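Q: mmCIF, C-alpha atoms, file model-v3.cif:
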data_data
loop_
_atom_site.label_atom_id
_atom_site.label_comp_id
_atom_site.auth_asym_id
_atom_site.auth_seq_id
_atom_site.Cartn_x
_atom_site.Cartn_y
_atom_site.Cartn_z
CA MET S 1 7.74 -28.81 -10.39
CA LEU S 2 8.53 -25.54 -12.12
CA ILE S 3 5.82 -23.63 -13.96
CA ALA S 4 6.66 -21.24 -16.80
CA VAL S 5 3.76 -18.95 -17.69
CA THR S 6 4.02 -17.67 -21.26
CA ARG S 7 1.83 -15.93 -23.84
CA GLU S 8 2.09 -16.10 -27.60
CA VAL S 9 3.39 -13.28 -29.78
CA SER S 10 0.59 -10.95 -30.85
CA PRO S 11 0.33 -9.84 -34.49
CA ALA S 12 0.07 -6.33 -33.03
CA ILE S 13 3.68 -6.50 -31.77
CA VAL S 14 4.60 -4.23 -34.68
CA ARG S 15 2.91 -1.45 -32.67
CA CYS S 16 4.77 -2.27 -29.43
CA GLU S 17 5.74 0.33 -26.85
CA LEU S 18 9.29 1.62 -27.38
CA THR S 19 11.38 3.77 -25.06
CA HIS S 20 15.07 3.39 -25.92
CA LEU S 21 15.04 1.84 -29.41
CA GLU S 22 13.98 3.15 -32.80
CA ARG S 23 11.11 1.30 -34.43
CA ILE S 24 12.24 -1.18 -37.08
CA ALA S 25 10.34 -3.93 -38.88
CA ILE S 26 9.59 -7.08 -36.88
CA ASP S 27 9.21 -10.39 -38.69
CA ILE S 28 6.21 -11.82 -36.83
CA ASP S 29 6.69 -15.36 -38.10
CA LEU S 30 10.32 -15.35 -36.99
CA ALA S 31 9.40 -13.78 -33.64
CA ARG S 32 6.89 -16.58 -33.08
CA ALA S 33 9.37 -19.26 -34.10
CA GLN S 34 11.95 -17.83 -31.68
CA HIS S 35 9.35 -17.69 -28.93
CA HIS S 36 8.39 -21.34 -29.50
CA ALA S 37 12.08 -22.31 -29.34
CA TYR S 38 12.36 -20.33 -26.09
CA GLU S 39 9.42 -22.30 -24.66
CA ARG S 40 11.08 -25.56 -25.70
CA ALA S 41 14.29 -24.49 -23.92
CA LEU S 42 12.30 -23.84 -20.75
CA GLU S 43 10.68 -27.27 -21.05
CA GLU S 44 14.05 -28.95 -21.57
CA ALA S 45 15.30 -27.15 -18.45
CA GLY S 46 12.46 -28.68 -16.44
CA CYS S 47 9.49 -26.31 -16.74
CA THR S 48 5.88 -27.10 -17.50
CA ILE S 49 4.56 -24.45 -19.89
CA VAL S 50 1.25 -22.84 -18.92
CA ARG S 51 0.03 -20.40 -21.55
CA VAL S 52 -2.11 -17.36 -20.90
CA GLU S 53 -4.90 -16.98 -23.46
CA ALA S 54 -3.78 -15.20 -26.62
CA ALA S 55 -4.37 -11.47 -26.92
CA PRO S 56 -4.17 -10.52 -30.62
CA GLY S 57 -4.95 -6.87 -29.93
CA LEU S 58 -2.35 -6.33 -27.20
CA SER S 59 0.97 -5.50 -28.80
CA ASP S 60 3.25 -6.32 -25.84
CA ALA S 61 1.30 -9.27 -24.40
CA VAL S 62 4.15 -11.74 -25.02
CA PHE S 63 6.13 -9.97 -22.31
CA VAL S 64 4.22 -11.57 -19.43
CA GLU S 65 6.92 -10.75 -16.88
CA ASP S 66 5.76 -7.14 -16.82
CA ALA S 67 2.28 -8.16 -15.62
CA ALA S 68 3.26 -9.93 -12.39
CA ALA S 69 5.95 -10.98 -9.94
CA VAL S 70 5.48 -14.44 -8.43
CA LEU S 71 7.17 -15.20 -5.10
CA SER S 72 6.87 -18.22 -2.83
CA GLU S 73 4.09 -16.67 -0.74
CA VAL S 74 2.15 -14.35 -3.08
CA ALA S 75 1.90 -13.08 -6.63
CA ILE S 76 1.89 -9.32 -7.14
CA ILE S 77 -0.15 -8.14 -10.11
CA MET S 78 1.46 -5.06 -11.59
CA ARG S 79 0.00 -1.79 -12.81
CA PRO S 80 2.18 -1.19 -15.89
CA GLY S 81 3.66 2.21 -16.46
CA ALA S 82 2.45 2.37 -20.07
CA PRO S 83 -1.36 2.73 -19.97
CA SER S 84 -1.66 0.70 -23.17
CA ARG S 85 -0.31 -2.34 -21.31
CA ARG S 86 -2.72 -2.40 -18.37
CA ALA S 87 -5.18 -4.58 -20.28
CA GLU S 88 -2.56 -7.37 -20.22
CA THR S 89 -2.81 -8.03 -16.50
CA PRO S 90 -6.29 -9.58 -15.92
CA ALA S 91 -5.62 -12.73 -17.97
CA VAL S 92 -2.19 -13.15 -16.37
CA ALA S 93 -3.78 -12.73 -12.93
CA ASP S 94 -6.32 -15.45 -13.77
CA VAL S 95 -3.47 -17.89 -14.45
CA VAL S 96 -1.08 -17.10 -11.59
CA GLY S 97 -4.03 -16.90 -9.21
CA ARG S 98 -4.32 -20.70 -9.54
CA TYR S 99 -0.97 -21.00 -7.77
CA ARG S 100 -0.64 -18.04 -5.39
CA PRO S 101 -2.73 -15.53 -3.43
CA LEU S 102 -2.87 -12.30 -5.39
CA ARG S 103 -1.90 -8.79 -4.35
CA LEU S 104 -2.62 -5.85 -6.67
CA ILE S 105 -0.75 -2.58 -7.19
CA ASP S 106 -3.15 0.36 -6.90
CA ALA S 107 -3.02 3.88 -8.39
CA PRO S 108 -1.06 6.08 -8.25
CA GLY S 109 1.49 3.26 -8.24
CA THR S 110 2.87 2.15 -11.60
CA ILE S 111 5.32 -0.70 -12.04
CA ASP S 112 6.47 -3.21 -14.65
CA GLY S 113 7.62 -6.66 -13.57
CA GLY S 114 10.81 -6.10 -15.51
CA ASP S 115 11.77 -3.66 -12.75
CA VAL S 116 11.46 -6.31 -10.01
CA LEU S 117 14.55 -8.41 -9.25
CA VAL S 118 14.21 -11.13 -6.61
CA ALA S 119 17.34 -12.77 -5.19
CA GLY S 120 16.53 -14.93 -2.20
CA ARG S 121 14.81 -12.73 0.41
CA ARG S 122 16.10 -9.55 -1.20
CA VAL S 123 13.95 -7.65 -3.69
CA PHE S 124 15.22 -4.77 -5.81
CA ALA S 125 12.67 -2.52 -7.49
CA GLY S 126 13.86 -0.25 -10.27
CA LEU S 127 12.69 3.35 -10.32
CA SER S 128 12.33 3.85 -14.07
CA ARG S 129 10.10 5.54 -16.60
CA ARG S 130 7.62 2.71 -16.00
CA THR S 131 7.94 2.29 -12.20
CA ASN S 132 7.42 4.88 -9.47
CA SER S 133 8.10 5.09 -5.75
CA ALA S 134 4.41 4.73 -4.84
CA ALA S 135 4.41 1.21 -6.31
CA VAL S 136 7.69 0.32 -4.59
CA GLU S 137 6.22 1.34 -1.23
CA GLN S 138 3.22 -0.89 -1.89
CA ILE S 139 5.51 -3.82 -2.65
CA ARG S 140 7.46 -3.14 0.55
CA THR S 141 4.20 -3.27 2.52
CA MET S 142 3.10 -6.47 0.79
CA LEU S 143 6.37 -8.36 1.19
CA GLY S 144 7.69 -7.07 4.50
CA PRO S 145 5.49 -9.44 6.56
CA HIS S 146 6.96 -12.37 4.58
CA GLY S 147 10.52 -11.44 5.51
CA TYR S 148 11.66 -9.74 2.31
CA ASP S 149 13.90 -6.68 2.24
CA VAL S 150 12.78 -4.36 -0.55
CA HIS S 151 15.26 -1.84 -1.99
CA ALA S 152 14.55 0.90 -4.53
CA VAL S 153 17.17 1.23 -7.29
CA PRO S 154 17.35 4.18 -9.74
CA VAL S 155 17.21 3.18 -13.42
CA THR S 156 18.22 5.81 -15.97
CA ASP S 157 20.02 4.32 -18.97
CA CYS S 158 17.82 1.34 -19.87
CA LEU S 159 14.16 0.32 -19.97
CA HIS S 160 13.99 -1.86 -16.85
CA LEU S 161 16.19 -2.81 -13.92
CA LYS S 162 16.51 -6.33 -15.33
CA SER S 163 17.93 -4.88 -18.53
CA ALA S 164 20.94 -4.05 -16.36
CA VAL S 165 21.09 -6.80 -13.74
CA THR S 166 19.60 -10.27 -13.19
CA ALA S 167 20.16 -13.14 -10.76
CA LEU S 168 22.44 -16.06 -11.54
CA THR S 169 21.92 -17.47 -8.02
CA ASP S 170 20.51 -16.05 -4.79
CA ASP S 171 23.89 -14.43 -4.07
CA ARG S 172 25.44 -13.88 -7.51
CA LEU S 173 24.25 -11.38 -10.12
CA LEU S 174 24.98 -10.71 -13.79
CA ILE S 175 25.40 -6.95 -14.22
CA ASN S 176 26.17 -4.19 -16.69
CA PRO S 177 27.88 -1.65 -14.39
CA GLU S 178 27.45 1.08 -17.02
CA TRP S 179 23.67 0.95 -16.56
CA VAL S 180 23.34 0.40 -12.81
CA ALA S 181 25.76 1.16 -9.99
CA ARG S 182 27.72 -1.81 -8.64
CA ASP S 183 27.68 -0.45 -5.09
CA LEU S 184 23.91 -0.87 -4.91
CA PHE S 185 24.57 -4.63 -4.91
CA SER S 186 27.66 -4.70 -2.70
CA THR S 187 26.53 -7.79 -0.76
CA PHE S 188 26.49 -9.93 -3.93
CA ASP S 189 29.16 -11.61 -5.99
CA LEU S 190 28.95 -9.71 -9.28
CA VAL S 191 29.69 -11.04 -12.76
CA GLU S 192 30.11 -8.23 -15.27
CA VAL S 193 28.98 -8.52 -18.87
CA ASP S 194 31.58 -8.10 -21.57
CA PRO S 195 31.76 -4.33 -22.26
CA HIS S 196 31.14 -4.96 -25.97
CA GLU S 197 27.78 -6.58 -25.09
CA PRO S 198 25.83 -3.95 -23.10
CA TYR S 199 22.48 -5.79 -23.43
CA ALA S 200 23.93 -9.05 -22.11
CA ALA S 201 22.88 -8.72 -18.45
CA ASN S 202 19.43 -10.25 -18.92
CA ILE S 203 19.34 -13.99 -18.20
CA VAL S 204 16.68 -16.47 -17.04
CA ARG S 205 17.36 -18.72 -14.09
CA VAL S 206 15.56 -22.07 -14.36
CA GLY S 207 16.40 -24.27 -11.40
CA GLU S 208 20.09 -25.14 -11.77
CA GLU S 209 20.24 -23.96 -15.39
CA LEU S 210 20.25 -20.65 -17.22
CA VAL S 211 18.53 -19.70 -20.48
CA TYR S 212 20.38 -16.99 -22.37
CA PRO S 213 20.58 -15.34 -25.81
CA GLY S 214 23.21 -16.84 -28.07
CA SER S 215 23.92 -13.36 -29.42
CA PHE S 216 26.22 -12.52 -26.49
CA PRO S 217 29.05 -15.04 -26.96
CA ARG S 218 31.68 -13.17 -24.95
CA THR S 219 29.54 -12.95 -21.83
CA LEU S 220 28.36 -16.53 -22.42
CA GLU S 221 31.98 -17.67 -22.31
CA ARG S 222 32.45 -15.92 -18.97
CA LEU S 223 29.44 -17.73 -17.54
CA GLU S 224 30.52 -21.12 -18.82
CA CYS S 225 34.02 -20.61 -17.42
CA LEU S 226 32.39 -20.06 -14.03
CA GLY S 227 30.70 -23.45 -14.34
CA PHE S 228 27.16 -22.38 -15.17
CA ARG S 229 24.99 -24.65 -17.32
CA VAL S 230 23.59 -22.41 -20.03
CA ARG S 231 21.03 -23.13 -22.75
CA THR S 232 21.15 -20.62 -25.58
CA VAL S 233 18.20 -19.27 -27.55
CA GLU S 234 17.72 -16.63 -30.20
CA VAL S 235 15.41 -13.71 -29.39
CA ASP S 236 16.66 -10.95 -31.69
CA GLU S 237 13.20 -10.33 -33.22
CA LEU S 238 11.67 -9.90 -29.77
CA ALA S 239 14.59 -7.65 -28.85
CA LYS S 240 13.38 -5.22 -31.52
CA ALA S 241 10.36 -4.71 -29.23
CA GLU S 242 12.68 -4.08 -26.26
CA GLY S 243 12.09 -7.62 -25.07
CA ALA S 244 14.57 -10.04 -23.53
CA VAL S 245 14.61 -13.56 -22.15
CA THR S 246 13.25 -12.72 -18.69
CA CYS S 247 10.38 -10.75 -20.24
CA CYS S 248 8.79 -13.75 -21.91
CA SER S 249 7.97 -15.93 -18.90
CA LEU S 250 7.03 -16.06 -15.24
CA ILE S 251 8.88 -19.01 -13.64
CA PHE S 252 8.00 -20.34 -10.21
CA GLU S 253 7.45 -23.54 -8.25
CA ASP S 254 4.10 -25.28 -8.32
CA GLN S 255 3.55 -25.71 -4.59
CA SER S 256 0.43 -27.83 -5.06
CA VAL S 257 2.44 -30.96 -6.00
#
Have the structure of the file written as C-alpha cells, please.
A:
Amino acid sequence: MLIAVTREVSPAIVRCELTHLERIAIDIDLARAQHHAYERALEEAGCTIVRVEAAPGLSDAVFVEDAAAVLSEVAIIMRPGAPSRRAETPAVADVVGRYRPLRLIDAPGTIDGGDVLVAGRRVFAGLSRRTNSAAVEQIRTMLGPHGYDVHAVPVTDCLHLKSAVTALTDDRLLINPEWVARDLFSTFDLVEVDPHEPYAANIVRVGEELVYPGSFPRTLERLECLGFRVRTVEVDELAKAEGAVTCCSLIFEDQSV
C-alpha cells in the first residue's frame, strides 16, 4: 500500500518564502481547492492520504516534501535552508516516524527535500541556496550502509534540484537541460521538457502512474507518446509560492501491511 503524507494549505501562505519569483497575490481558497484535487488524484492513483496536523502559522507547511525524504530503510528529517521553515519538521517527523526509523540532519547542514532525487539506489542531492555540502555528506553517511550511491549536483538556475529533474522510473528522468547539466545523469534515459515549458520537469511518480500539472501540455504530450499513464492536476496557485507537484506530498510504501 502506498502512503501519501500531505498537509493542508496554511492561510499564511501569502507570506511564503520566495527565491526566484516575484510575490503576487495568492487566492487561498483556490489554492486549497487545487490541493484537495491533488490529494484526490493521489488517492485515485492508489495512495492512502495521511495528513500532518495543520499549521496555520507556518506559511510553507503545505510543501511537506521539503521536511523529509522517505526511503525503503529510513526517513531522513531535513534541516531546511530557510530558518523560517525549520518549525515544519517536527510534526512531519511524528508522522513518518510511524513507518520508518528516523535520521536527522544536524547543523551546520541545511537541506530541503526538494533537493533530494531518489532513483532506485541512486540519490542525487542538489547543492542550492537551501542545501549545502555538509548536509549532503551526512546523507551519504546515512545511506551508504544501505547500498545507496549519493551524488552532489550543483543547482544554480532554479529553487531546487527537482525543479529541474525528477524520476519517471528508476532509470528514466524528466529533465530541463537548461537548468541542470545532462551529463550529470549520463547513465539514465533522459526525456527533455518542451523548451517552451521550462518549469515542466517536476512530476510525481505514484506506482505505475504519474501525477502532473495540466499547464504543460507540450511536455505532457511527449510523456503520453512514450506510453506513460498521466493524471493531470492544476497547481498554478501553489506555483505562485514556488511550489510544484512533488512538493506537496511524501509518497512511500507502507511496509507494515
Q: Going by the chain IDs and residue numbers used in this file, which residues fall under the PyMOL selection byres ((chain S and resi 55) around 10)? Write them as a PyMOL selection string.
A: chain S and resi 7-12+52-54+56-62+87-88+91
Q: Which residues match the PyMOL selection byres ((chain S and resi 44) around 12) in the file above, as a list in words?
A: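 Residues picked by the PyMOL selection byres ((chain S and resi 44) around 12): Leu2, Ala4, Ala37, Tyr38, Glu39, Arg40, Ala41, Leu42, Glu43, Ala45, Gly46, Cys47, Thr48, Ile49, Val206, Gly207, Glu209, Leu210, Val211, Val230, Arg231 and Thr232 of chain S.
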Q: Could you list, as number ranges by chain, every residue within 10 Å of segment 68-74 of chain S, counting only C-alpha atoms and ignoring same-chain residues fewer than 2 positions away?
A: S: 64-66, 76-80, 89, 92-93, 96-97, 99-105, 111-118, 120-121, 142-143, 146, 250-255
Q: Could you please determine the separation between atom CA of Ala239 of chain S and atom CA of Ala33 of chain S in Å, to one decimal place?
A: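 If I compute the distance from atom CA of Ala239 of chain S to atom CA of Ala33 of chain S, I get 13.8 Å.
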Q: What lies within 9 Å of Val165 of chain S using only C-alpha atoms, ignoring chain neighbours under 3 positions off, as a list in words?
A: Leu117, Leu161, Lys162, Leu173, Leu174, Ile175, Asn176, Pro177, Trp179, Val180, Ala201, Asn202 and Ile203 of chain S
Q: Go ahead and dump the residues you just picked, C-alpha atoms, as a compact mmCIF listing (two decimals), keeping the file's coordinate frame.
A:
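The file below, out10.txt, is the result:
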# COMPACT_ATOMS: atom_id res chain seq x y z
CA LEU S 117 14.55 -8.41 -9.25
CA LEU S 161 16.19 -2.81 -13.92
CA LYS S 162 16.51 -6.33 -15.33
CA LEU S 173 24.25 -11.38 -10.12
CA LEU S 174 24.98 -10.71 -13.79
CA ILE S 175 25.40 -6.95 -14.22
CA ASN S 176 26.17 -4.19 -16.69
CA PRO S 177 27.88 -1.65 -14.39
CA TRP S 179 23.67 0.95 -16.56
CA VAL S 180 23.34 0.40 -12.81
CA ALA S 201 22.88 -8.72 -18.45
CA ASN S 202 19.43 -10.25 -18.92
CA ILE S 203 19.34 -13.99 -18.20
Q: Just the residues within 10 Å of His151 of chain S, please, counting only C-alpha atoms, with nothing from its chain fewer than 2 positions along; format it as a list in words.
A: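 Answer for this query is Val116, Leu117, Arg122, Val123, Phe124, Ala125, Gly126, Val136, Glu137, Ile139, Arg140, Tyr148, Asp149, Val153 and Leu184 of chain S.
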Q: Please write as an mmCIF file with C-alpha atoms, in the coordinates of the input the full residue list that the PyMOL selection byres ((chain S and resi 171) around 12) yields on this file.
A:
data_model
loop_
_atom_site.group_PDB
_atom_site.id
_atom_site.type_symbol
_atom_site.label_atom_id
_atom_site.label_comp_id
_atom_site.auth_asym_id
_atom_site.auth_seq_id
_atom_site.Cartn_x
_atom_site.Cartn_y
_atom_site.Cartn_z
ATOM 1 C CA VAL S 118 14.210 -11.130 -6.610
ATOM 2 C CA ALA S 119 17.340 -12.770 -5.190
ATOM 3 C CA GLY S 120 16.530 -14.930 -2.200
ATOM 4 C CA ARG S 121 14.810 -12.730 0.410
ATOM 5 C CA ARG S 122 16.100 -9.550 -1.200
ATOM 6 C CA THR S 166 19.600 -10.270 -13.190
ATOM 7 C CA ALA S 167 20.160 -13.140 -10.760
ATOM 8 C CA LEU S 168 22.440 -16.060 -11.540
ATOM 9 C CA THR S 169 21.920 -17.470 -8.020
ATOM 10 C CA ASP S 170 20.510 -16.050 -4.790
ATOM 11 C CA ARG S 172 25.440 -13.880 -7.510
ATOM 12 C CA LEU S 173 24.250 -11.380 -10.120
ATOM 13 C CA LEU S 174 24.980 -10.710 -13.790
ATOM 14 C CA PHE S 185 24.570 -4.630 -4.910
ATOM 15 C CA SER S 186 27.660 -4.700 -2.700
ATOM 16 C CA THR S 187 26.530 -7.790 -0.760
ATOM 17 C CA PHE S 188 26.490 -9.930 -3.930
ATOM 18 C CA ASP S 189 29.160 -11.610 -5.990
ATOM 19 C CA LEU S 190 28.950 -9.710 -9.280
ATOM 20 C CA VAL S 191 29.690 -11.040 -12.760
#
Q: Using all atoms listed in the file, which of the listed residues (S:Val150, S:Ala135, S:Cys16, S:Cys225) sits closest to Phe63 of chain S?
A: S:Cys16
Q: State, in Å with one decimal place, the distance from atom CA of Tyr199 of chain S to atom CA of Ala241 of chain S.
A: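 Result for atom CA of Tyr199 of chain S versus atom CA of Ala241 of chain S: 13.5 Å, one decimal.
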Q: If I take atom CA of Arg229 of chain S and atom CA of His196 of chain S, how far is one from the other in Å, to one decimal?
A: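 Distance reported for this atom pair: 22.4 Å.
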Q: Using all atoms listed in the file, pick whichever of S:Arg51, S:Asp183, S:Ile13, S:Val233 has the shortest atom-to-atom distance to Asp29 of chain S.
A: S:Ile13
Q: Can segment 225-250 of chain S be brought up to N, CA, C and O atoms and written out as a PDB file, in the coordinates of the input?
A:
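Just written: out.pdb:
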ATOM      1  N   CYS S 225      32.759 -20.435 -18.142  1.00  0.00           N
ATOM      2  CA  CYS S 225      34.020 -20.610 -17.420  1.00  0.00           C
ATOM      3  C   CYS S 225      33.811 -20.638 -15.912  1.00  0.00           C
ATOM      4  O   CYS S 225      34.622 -21.220 -15.177  1.00  0.00           O
ATOM      5  N   LEU S 226      32.727 -20.034 -15.455  1.00  0.00           N
ATOM      6  CA  LEU S 226      32.390 -20.060 -14.030  1.00  0.00           C
ATOM      7  C   LEU S 226      31.624 -21.318 -13.642  1.00  0.00           C
ATOM      8  O   LEU S 226      31.280 -21.502 -12.474  1.00  0.00           O
ATOM      9  N   GLY S 227      31.343 -22.171 -14.613  1.00  0.00           N
ATOM     10  CA  GLY S 227      30.700 -23.450 -14.340  1.00  0.00           C
ATOM     11  C   GLY S 227      29.194 -23.463 -14.476  1.00  0.00           C
ATOM     12  O   GLY S 227      28.552 -24.467 -14.132  1.00  0.00           O
ATOM     13  N   PHE S 228      28.610 -22.407 -15.002  1.00  0.00           N
ATOM     14  CA  PHE S 228      27.160 -22.380 -15.170  1.00  0.00           C
ATOM     15  C   PHE S 228      26.731 -23.230 -16.373  1.00  0.00           C
ATOM     16  O   PHE S 228      27.418 -23.258 -17.397  1.00  0.00           O
ATOM     17  N   ARG S 229      25.604 -23.900 -16.217  1.00  0.00           N
ATOM     18  CA  ARG S 229      24.990 -24.650 -17.320  1.00  0.00           C
ATOM     19  C   ARG S 229      24.026 -23.727 -18.033  1.00  0.00           C
ATOM     20  O   ARG S 229      23.032 -23.279 -17.453  1.00  0.00           O
ATOM     21  N   VAL S 230      24.334 -23.432 -19.297  1.00  0.00           N
ATOM     22  CA  VAL S 230      23.590 -22.410 -20.030  1.00  0.00           C
ATOM     23  C   VAL S 230      22.998 -23.009 -21.304  1.00  0.00           C
ATOM     24  O   VAL S 230      23.711 -23.632 -22.094  1.00  0.00           O
ATOM     25  N   ARG S 231      21.695 -22.799 -21.492  1.00  0.00           N
ATOM     26  CA  ARG S 231      21.030 -23.130 -22.750  1.00  0.00           C
ATOM     27  C   ARG S 231      20.855 -21.833 -23.537  1.00  0.00           C
ATOM     28  O   ARG S 231      20.348 -20.843 -22.987  1.00  0.00           O
ATOM     29  N   THR S 232      21.250 -21.846 -24.790  1.00  0.00           N
ATOM     30  CA  THR S 232      21.150 -20.620 -25.580  1.00  0.00           C
ATOM     31  C   THR S 232      19.915 -20.644 -26.473  1.00  0.00           C
ATOM     32  O   THR S 232      19.488 -21.698 -26.958  1.00  0.00           O
ATOM     33  N   VAL S 233      19.347 -19.466 -26.671  1.00  0.00           N
ATOM     34  CA  VAL S 233      18.200 -19.270 -27.550  1.00  0.00           C
ATOM     35  C   VAL S 233      18.455 -18.014 -28.368  1.00  0.00           C
ATOM     36  O   VAL S 233      19.348 -17.226 -28.063  1.00  0.00           O
ATOM     37  N   GLU S 234      17.652 -17.842 -29.391  1.00  0.00           N
ATOM     38  CA  GLU S 234      17.720 -16.630 -30.200  1.00  0.00           C
ATOM     39  C   GLU S 234      16.442 -15.825 -29.990  1.00  0.00           C
ATOM     40  O   GLU S 234      15.342 -16.363 -30.121  1.00  0.00           O
ATOM     41  N   VAL S 235      16.583 -14.563 -29.640  1.00  0.00           N
ATOM     42  CA  VAL S 235      15.410 -13.710 -29.390  1.00  0.00           C
ATOM     43  C   VAL S 235      15.589 -12.332 -30.026  1.00  0.00           C
ATOM     44  O   VAL S 235      15.035 -11.342 -29.558  1.00  0.00           O
ATOM     45  N   ASP S 236      16.355 -12.261 -31.121  1.00  0.00           N
ATOM     46  CA  ASP S 236      16.660 -10.950 -31.690  1.00  0.00           C
ATOM     47  C   ASP S 236      15.426 -10.250 -32.254  1.00  0.00           C
ATOM     48  O   ASP S 236      15.370  -9.015 -32.249  1.00  0.00           O
ATOM     49  N   GLU S 237      14.419 -10.997 -32.738  1.00  0.00           N
ATOM     50  CA  GLU S 237      13.200 -10.330 -33.220  1.00  0.00           C
ATOM     51  C   GLU S 237      12.429  -9.724 -32.051  1.00  0.00           C
ATOM     52  O   GLU S 237      11.922  -8.603 -32.142  1.00  0.00           O
ATOM     53  N   LEU S 238      12.335 -10.439 -30.951  1.00  0.00           N
ATOM     54  CA  LEU S 238      11.670  -9.900 -29.770  1.00  0.00           C
ATOM     55  C   LEU S 238      12.463  -8.734 -29.180  1.00  0.00           C
ATOM     56  O   LEU S 238      11.883  -7.806 -28.600  1.00  0.00           O
ATOM     57  N   ALA S 239      13.766  -8.754 -29.341  1.00  0.00           N
ATOM     58  CA  ALA S 239      14.590  -7.650 -28.850  1.00  0.00           C
ATOM     59  C   ALA S 239      14.270  -6.346 -29.569  1.00  0.00           C
ATOM     60  O   ALA S 239      14.464  -5.258 -29.007  1.00  0.00           O
ATOM     61  N   LYS S 240      13.777  -6.423 -30.798  1.00  0.00           N
ATOM     62  CA  LYS S 240      13.380  -5.220 -31.520  1.00  0.00           C
ATOM     63  C   LYS S 240      12.206  -4.518 -30.834  1.00  0.00           C
ATOM     64  O   LYS S 240      11.970  -3.329 -31.052  1.00  0.00           O
ATOM     65  N   ALA S 241      11.462  -5.266 -30.010  1.00  0.00           N
ATOM     66  CA  ALA S 241      10.360  -4.710 -29.230  1.00  0.00           C
ATOM     67  C   ALA S 241      10.788  -4.418 -27.797  1.00  0.00           C
ATOM     68  O   ALA S 241       9.952  -4.301 -26.903  1.00  0.00           O
ATOM     69  N   GLU S 242      12.083  -4.299 -27.583  1.00  0.00           N
ATOM     70  CA  GLU S 242      12.680  -4.080 -26.260  1.00  0.00           C
ATOM     71  C   GLU S 242      12.385  -5.231 -25.306  1.00  0.00           C
ATOM     72  O   GLU S 242      12.259  -5.041 -24.100  1.00  0.00           O
ATOM     73  N   GLY S 243      12.282  -6.429 -25.879  1.00  0.00           N
ATOM     74  CA  GLY S 243      12.090  -7.620 -25.070  1.00  0.00           C
ATOM     75  C   GLY S 243      13.399  -8.347 -24.846  1.00  0.00           C
ATOM     76  O   GLY S 243      14.380  -8.129 -25.544  1.00  0.00           O
ATOM     77  N   ALA S 244      13.402  -9.234 -23.847  1.00  0.00           N
ATOM     78  CA  ALA S 244      14.570 -10.040 -23.530  1.00  0.00           C
ATOM     79  C   ALA S 244      14.096 -11.357 -22.940  1.00  0.00           C
ATOM     80  O   ALA S 244      12.887 -11.599 -22.839  1.00  0.00           O
ATOM     81  N   VAL S 245      15.028 -12.215 -22.540  1.00  0.00           N
ATOM     82  CA  VAL S 245      14.610 -13.560 -22.150  1.00  0.00           C
ATOM     83  C   VAL S 245      13.794 -13.579 -20.864  1.00  0.00           C
ATOM     84  O   VAL S 245      12.879 -14.393 -20.717  1.00  0.00           O
ATOM     85  N   THR S 246      14.081 -12.698 -19.893  1.00  0.00           N
ATOM     86  CA  THR S 246      13.250 -12.720 -18.690  1.00  0.00           C
ATOM     87  C   THR S 246      11.828 -12.251 -18.988  1.00  0.00           C
ATOM     88  O   THR S 246      10.880 -12.678 -18.325  1.00  0.00           O
ATOM     89  N   CYS S 247      11.682 -11.366 -19.969  1.00  0.00           N
ATOM     90  CA  CYS S 247      10.380 -10.750 -20.240  1.00  0.00           C
ATOM     91  C   CYS S 247       9.302 -11.752 -20.644  1.00  0.00           C
ATOM     92  O   CYS S 247       8.116 -11.515 -20.441  1.00  0.00           O
ATOM     93  N   CYS S 248       9.722 -12.869 -21.223  1.00  0.00           N
ATOM     94  CA  CYS S 248       8.790 -13.750 -21.910  1.00  0.00           C
ATOM     95  C   CYS S 248       8.242 -14.881 -21.051  1.00  0.00           C
ATOM     96  O   CYS S 248       7.569 -15.777 -21.567  1.00  0.00           O
ATOM     97  N   SER S 249       8.500 -14.868 -19.747  1.00  0.00           N
ATOM     98  CA  SER S 249       7.970 -15.930 -18.900  1.00  0.00           C
ATOM     99  C   SER S 249       7.897 -15.474 -17.452  1.00  0.00           C
ATOM    100  O   SER S 249       8.586 -14.536 -17.039  1.00  0.00           O
ATOM    101  N   LEU S 250       7.062 -16.155 -16.694  1.00  0.00           N
ATOM    102  CA  LEU S 250       7.030 -16.060 -15.240  1.00  0.00           C
ATOM    103  C   LEU S 250       7.317 -17.478 -14.730  1.00  0.00           C
ATOM    104  O   LEU S 250       6.534 -18.393 -14.987  1.00  0.00           O
TER     105      LEU S 250
END
